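Asks: First the structure, which I've put down as structure tokens, then a few questions once you've had a look.
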Amino acid sequence: MSDERRARVARKTKETDITIDFSLDGTGQCQVNSGIGFFDHMLDAFTRHGLFDMEASIKGDLQVDCHHTIEDTGIVLGNAIKKACLDKKGIKRYGSCILPMDETLVLVAVDLSGRPYLSFEADFPTEKIGYMDTEMVKEFFYAISYSAAMNLHIKVITPGNSHHMAEAIFKAFAKALDEATIKDTRIKDAMTTKGTI
């Protein structure tokens with residue numbers, strides 16, 4: 001993993017034990033095993049399509065359900081993203097992506113504003129995708145938006161198959177975050193009139 005814009009974050013509770021190594025300047029390498037197959041598939045898609053690198057050790061109380069494991073992974077990943085952004089000097093700050101996946105079309109927009117907010121519009125036709133509850137897609141991104149202190153808007157424009165909807169969301173988020181964290185040589189400081197974000 002690259003040493004540039006890289007973060008390692010660990011969080012241990014009575015419910016989960018999670019450590020994530022994350023790099024914004026990667027090549028799409030992902031090593032993850034949460035015990036939830038579809039969730040692993042989504043984290044791999046996020047990493048590869050954002051050209052990030054991530055190694056994650058994720059242990060949770062799956063004998064209860066998938067909630068704590070997925071939510072806490074979002075908290076840790078959000079903190080890692082925030083830490084890897086450093087002081088945000090020179091980055092674009094904003095990113096967006098409209099991404100198609102078969103019949104599904106998704107919009108994701110990101111603002112690394114330092115102010116957390118999530119707008120999430122997606123109605124999944126099924127309650128589960130494999131062993132992952134579809135309601136956990138929103139919970140995961142809520143956790144990321146608040147722990148990373150980002151303004152995150154997610155909207156499924158054209159719904160369809162639950163798998164396609166979730167995967168399009170994760171991939172579009174990756175693309176939007178990649179755009180927001182790209183360094184632009186024209187930007188000498190943080191992209192804000194306030195002087196800091």
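Chain identifiers are assigned as A, B, and so on, following the order in which chains appear in the structure tokens; residues are numbered from 1 within each chain, and ligands are numbered from 1 in order of appearance.
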How close does each residue of segment 14-93 of chain A get to segment 125-135 of chain A, giving the shortest atom pair and distance in Å to one decimal for every residue with an atom at most 9 Å away, counting only C-alpha atoms, sorted by chain and residue number, as JSON lines?
Replies:
```
{"residue": "A:Ile36", "atom": "CA", "partner": "A:Tyr131", "partner_atom": "CA", "distance": 6.3}
{"residue": "A:Gly37", "atom": "CA", "partner": "A:Tyr131", "partner_atom": "CA", "distance": 7.2}
{"residue": "A:Phe38", "atom": "CA", "partner": "A:Gly130", "partner_atom": "CA", "distance": 6.2}
{"residue": "A:Phe39", "atom": "CA", "partner": "A:Met132", "partner_atom": "CA", "distance": 6.8}
{"residue": "A:Asp65", "atom": "CA", "partner": "A:Met132", "partner_atom": "CA", "distance": 8.9}
{"residue": "A:Cys66", "atom": "CA", "partner": "A:Met132", "partner_atom": "CA", "distance": 6.5}
{"residue": "A:His67", "atom": "CA", "partner": "A:Asp133", "partner_atom": "CA", "distance": 8.1}
{"residue": "A:Ile70", "atom": "CA", "partner": "A:Met132", "partner_atom": "CA", "distance": 8.9}
```
Asks: Fewer than 5 positions away in the same chain doesn't count, so skip those; otherwise give me all residues within 10 Å of His41 of chain A, counting only C-alpha atoms, as a PyMOL selection string.
Replies: chain A and resi 32-33+36+46+167+170
Asks: DSSP says strand (DSSP E or B) for which residues of segment 2-194 of chain A? Put them as number ranges by chain?
Replies: A: 6-12, 16-23, 30-33, 53-60, 91, 94-101, 104-111, 117-121, 128-129, 132-133, 151-158, 183
Asks: Among segment 125-167 of chain A, which ones does DSSP place in alpha helix (DSSP H), written as an MDAnalysis selection string?
Replies: chainID A and resid 135:147 162:167
Asks: Emit the selected residues as a JSON list (two decimals), in the first residue's frame, including N, CA, C and O atoms.
Replies:
```json
[["chain", "number", "residue", "atom", "x", "y", "z"],
["A", 135, "GLU", "N", -31.44, -3.07, 4.19],
["A", 135, "GLU", "CA", -31.52, -1.84, 4.98],
["A", 135, "GLU", "C", -30.16, -1.41, 5.49],
["A", 135, "GLU", "O", -29.95, -0.24, 5.85],
["A", 136, "MET", "N", -29.18, -2.31, 5.49],
["A", 136, "MET", "CA", -27.84, -1.99, 5.98],
["A", 136, "MET", "C", -27.03, -1.17, 4.98],
["A", 136, "MET", "O", -26.00, -0.60, 5.35],
["A", 137, "VAL", "N", -27.49, -1.08, 3.74],
["A", 137, "VAL", "CA", -26.79, -0.21, 2.78],
["A", 137, "VAL", "C", -26.87, 1.23, 3.27],
["A", 137, "VAL", "O", -25.86, 1.94, 3.34],
["A", 138, "LYS", "N", -28.06, 1.66, 3.66],
["A", 138, "LYS", "CA", -28.21, 3.02, 4.19],
["A", 138, "LYS", "C", -27.42, 3.21, 5.47],
["A", 138, "LYS", "O", -26.74, 4.23, 5.67],
["A", 139, "GLU", "N", -27.49, 2.24, 6.38],
["A", 139, "GLU", "CA", -26.78, 2.36, 7.66],
["A", 139, "GLU", "C", -25.27, 2.46, 7.45],
["A", 139, "GLU", "O", -24.60, 3.21, 8.17],
["A", 140, "PHE", "N", -24.75, 1.72, 6.49],
["A", 140, "PHE", "CA", -23.32, 1.76, 6.19],
["A", 140, "PHE", "C", -22.90, 3.15, 5.73],
["A", 140, "PHE", "O", -21.92, 3.71, 6.23],
["A", 141, "PHE", "N", -23.65, 3.72, 4.81],
["A", 141, "PHE", "CA", -23.28, 5.03, 4.28],
["A", 141, "PHE", "C", -23.58, 6.16, 5.28],
["A", 141, "PHE", "O", -22.89, 7.18, 5.28],
["A", 142, "TYR", "N", -24.56, 5.95, 6.14],
["A", 142, "TYR", "CA", -24.78, 6.92, 7.22],
["A", 142, "TYR", "C", -23.55, 6.96, 8.13],
["A", 142, "TYR", "O", -23.06, 8.03, 8.50],
["A", 143, "ALA", "N", -23.05, 5.78, 8.47],
["A", 143, "ALA", "CA", -21.87, 5.70, 9.34],
["A", 143, "ALA", "C", -20.65, 6.34, 8.67],
["A", 143, "ALA", "O", -19.89, 7.07, 9.32],
["A", 144, "ILE", "N", -20.47, 6.11, 7.39],
["A", 144, "ILE", "CA", -19.36, 6.73, 6.67],
["A", 144, "ILE", "C", -19.50, 8.24, 6.64],
["A", 144, "ILE", "O", -18.55, 8.98, 6.94],
["A", 145, "SER", "N", -20.68, 8.72, 6.28],
["A", 145, "SER", "CA", -20.86, 10.17, 6.13],
["A", 145, "SER", "C", -20.59, 10.91, 7.44],
["A", 145, "SER", "O", -19.98, 11.98, 7.44],
["A", 146, "TYR", "N", -21.00, 10.33, 8.55],
["A", 146, "TYR", "CA", -20.82, 11.01, 9.83],
["A", 146, "TYR", "C", -19.40, 10.86, 10.38],
["A", 146, "TYR", "O", -18.84, 11.82, 10.93],
["A", 147, "SER", "N", -18.80, 9.71, 10.23],
["A", 147, "SER", "CA", -17.44, 9.54, 10.77],
["A", 147, "SER", "C", -16.40, 10.22, 9.88],
["A", 147, "SER", "O", -15.36, 10.69, 10.36],
["A", 162, "SER", "N", -32.19, -5.78, -6.63],
["A", 162, "SER", "CA", -31.53, -5.30, -5.40],
["A", 162, "SER", "C", -30.01, -5.37, -5.48],
["A", 162, "SER", "O", -29.31, -4.45, -5.05],
["A", 163, "HIS", "N", -29.50, -6.47, -6.04],
["A", 163, "HIS", "CA", -28.05, -6.63, -6.19],
["A", 163, "HIS", "C", -27.48, -5.51, -7.07],
["A", 163, "HIS", "O", -26.48, -4.88, -6.72],
["A", 164, "HIS", "N", -28.13, -5.25, -8.18],
["A", 164, "HIS", "CA", -27.67, -4.19, -9.08],
["A", 164, "HIS", "C", -27.72, -2.82, -8.42],
["A", 164, "HIS", "O", -26.81, -2.00, -8.58],
["A", 165, "MET", "N", -28.77, -2.56, -7.66],
["A", 165, "MET", "CA", -28.91, -1.27, -6.99],
["A", 165, "MET", "C", -27.79, -1.05, -5.98],
["A", 165, "MET", "O", -27.14, 0.00, -5.97],
["A", 166, "ALA", "N", -27.55, -2.03, -5.14],
["A", 166, "ALA", "CA", -26.52, -1.90, -4.12],
["A", 166, "ALA", "C", -25.14, -1.77, -4.75],
["A", 166, "ALA", "O", -24.33, -0.91, -4.36],
["A", 167, "GLU", "N", -24.86, -2.59, -5.74],
["A", 167, "GLU", "CA", -23.55, -2.55, -6.36],
["A", 167, "GLU", "C", -23.32, -1.23, -7.09],
["A", 167, "GLU", "O", -22.22, -0.66, -7.03]]
```
Asks: Report as a PyMOL selection string all protein, DNA and RNA residues lying within 12 Å of Asp87 of chain A, evaluated on only C-alpha atoms, omitting residues in the same chain fewer than 5 positions from it.
Replies: chain A and resi 5+81-82+93+112-114+181+188-191+195-197
Asks: Now that the selection is made, can you save its residues with all heavy atoms as a CSV table (one decimal), in the first residue's frame?
Replies:
```
chain,number,residue,atom,x,y,z
A,5,ARG,N,-1.1,9.6,1.8
A,5,ARG,CA,-2.5,9.7,2.1
A,5,ARG,C,-3.1,8.3,2.5
A,5,ARG,O,-4.0,7.8,1.9
A,5,ARG,CB,-3.3,10.3,0.9
A,5,ARG,CG,-2.8,11.7,0.6
A,5,ARG,CD,-3.8,12.5,-0.2
A,5,ARG,NE,-4.1,11.8,-1.5
A,5,ARG,CZ,-5.1,12.2,-2.3
A,5,ARG,NH1,-5.9,13.2,-1.9
A,5,ARG,NH2,-5.3,11.6,-3.4
A,81,ILE,N,-11.0,7.3,5.9
A,81,ILE,CA,-11.1,8.3,4.8
A,81,ILE,C,-10.7,9.7,5.3
A,81,ILE,O,-9.9,10.4,4.6
A,81,ILE,CB,-12.5,8.2,4.1
A,81,ILE,CG1,-12.7,6.9,3.4
A,81,ILE,CG2,-12.7,9.4,3.2
A,81,ILE,CD1,-14.1,6.6,3.0
A,82,LYS,N,-11.3,10.1,6.4
A,82,LYS,CA,-11.1,11.4,6.9
A,82,LYS,C,-9.6,11.6,7.3
A,82,LYS,O,-9.0,12.6,6.9
A,82,LYS,CB,-11.9,11.6,8.2
A,82,LYS,CG,-11.8,13.0,8.8
A,82,LYS,CD,-12.7,13.1,10.0
A,82,LYS,CE,-12.6,14.5,10.6
A,82,LYS,NZ,-13.5,14.6,11.8
A,93,ARG,N,-12.4,18.4,-3.5
A,93,ARG,CA,-13.4,18.5,-2.5
A,93,ARG,C,-14.8,17.9,-2.9
A,93,ARG,O,-15.4,17.2,-2.2
A,93,ARG,CB,-13.6,19.9,-2.0
A,93,ARG,CG,-14.8,20.1,-1.0
A,93,ARG,CD,-14.9,21.5,-0.5
A,93,ARG,NE,-16.3,21.7,0.1
A,93,ARG,CZ,-16.6,22.8,0.7
A,93,ARG,NH1,-15.8,23.8,0.8
A,93,ARG,NH2,-17.9,22.9,1.3
A,112,LEU,N,-16.6,16.9,0.6
A,112,LEU,CA,-15.8,16.7,1.8
A,112,LEU,C,-15.7,18.0,2.6
A,112,LEU,O,-14.7,18.6,2.7
A,112,LEU,CB,-14.4,16.2,1.4
A,112,LEU,CG,-14.3,14.9,0.6
A,112,LEU,CD1,-12.9,14.6,0.2
A,112,LEU,CD2,-14.9,13.8,1.5
A,113,SER,N,-16.8,18.4,3.1
A,113,SER,CA,-17.1,19.7,3.7
A,113,SER,C,-16.7,19.8,5.2
A,113,SER,O,-16.6,20.9,5.7
A,113,SER,CB,-18.6,20.0,3.6
A,113,SER,OG,-19.3,19.1,4.3
A,114,GLY,N,-16.5,18.7,5.8
A,114,GLY,CA,-16.3,18.7,7.3
A,114,GLY,C,-17.6,18.7,8.0
A,114,GLY,O,-17.6,18.8,9.3
A,181,THR,N,-11.3,13.5,-4.0
A,181,THR,CA,-9.9,13.5,-3.4
A,181,THR,C,-8.8,13.6,-4.3
A,181,THR,O,-7.6,13.6,-3.9
A,181,THR,CB,-9.8,12.2,-2.6
A,181,THR,OG1,-9.9,11.0,-3.5
A,181,THR,CG2,-10.8,12.0,-1.4
A,188,LYS,N,-4.1,25.6,-4.3
A,188,LYS,CA,-3.0,25.7,-3.4
A,188,LYS,C,-3.3,25.5,-2.0
A,188,LYS,O,-2.4,25.2,-1.1
A,188,LYS,CB,-2.3,27.1,-3.6
A,188,LYS,CG,-1.9,27.4,-5.0
A,188,LYS,CD,-1.0,26.3,-5.6
A,188,LYS,CE,-0.6,26.7,-7.1
A,188,LYS,NZ,0.2,25.6,-7.7
A,189,ASP,N,-4.6,25.6,-1.6
A,189,ASP,CA,-5.0,25.5,-0.2
A,189,ASP,C,-6.3,24.6,-0.2
A,189,ASP,O,-6.6,23.9,-1.2
A,189,ASP,CB,-5.3,26.9,0.4
A,189,ASP,CG,-5.0,26.9,1.9
A,189,ASP,OD1,-5.2,25.9,2.5
A,189,ASP,OD2,-4.7,28.0,2.4
A,190,ALA,N,-7.0,24.6,0.9
A,190,ALA,CA,-8.2,23.9,1.0
A,190,ALA,C,-9.2,24.7,0.1
A,190,ALA,O,-9.2,25.9,0.1
A,190,ALA,CB,-8.7,23.8,2.4
A,191,MET,N,-10.1,23.9,-0.6
A,191,MET,CA,-11.1,24.5,-1.5
A,191,MET,C,-12.3,25.0,-0.7
A,191,MET,O,-13.3,24.4,-0.6
A,191,MET,CB,-11.5,23.5,-2.5
A,191,MET,CG,-12.6,24.0,-3.5
A,191,MET,SD,-12.0,25.4,-4.5
A,191,MET,CE,-11.0,24.5,-5.7
A,195,GLY,N,-11.3,29.1,4.6
A,195,GLY,CA,-9.9,29.0,4.9
A,195,GLY,C,-9.6,27.6,5.5
A,195,GLY,O,-8.4,27.2,5.5
A,196,THR,N,-10.6,26.8,5.9
A,196,THR,CA,-10.3,25.5,6.4
A,196,THR,C,-11.6,24.7,6.2
A,196,THR,O,-12.7,25.2,6.3
A,196,THR,CB,-9.9,25.4,7.8
A,196,THR,OG1,-9.6,24.1,8.2
A,196,THR,CG2,-10.9,26.0,8.8
A,197,ILE,N,-11.5,23.3,6.0
A,197,ILE,CA,-12.6,22.5,6.0
A,197,ILE,C,-12.3,21.2,6.8
A,197,ILE,O,-11.2,20.9,7.0
A,197,ILE,CB,-13.1,22.1,4.6
A,197,ILE,CG1,-11.9,21.6,3.7
A,197,ILE,CG2,-13.8,23.2,3.9
A,197,ILE,CD1,-12.3,21.1,2.3
```
Asks: Which residues, written as an MDAnalysis selection string, have at least one atom at most 9 Å from segment 94-110 of chain A, with only C-alpha atoms counted and residues fewer than 3 positions away on the same chain left out?
Replies: chainID A and resid 91 113 150:161 164:165 167:169 171:181
Asks: Give the answer as one residue: which of A:His68, A:Lys83, A:Arg48, A:Arg115 has the shortest atom-to-atom distance to Arg8 of chain A, using only C-alpha atoms?
Replies: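 Ranking A:His68, A:Lys83, A:Arg48, A:Arg115 by distance to Arg8 of chain A, first place goes to A:Lys83.
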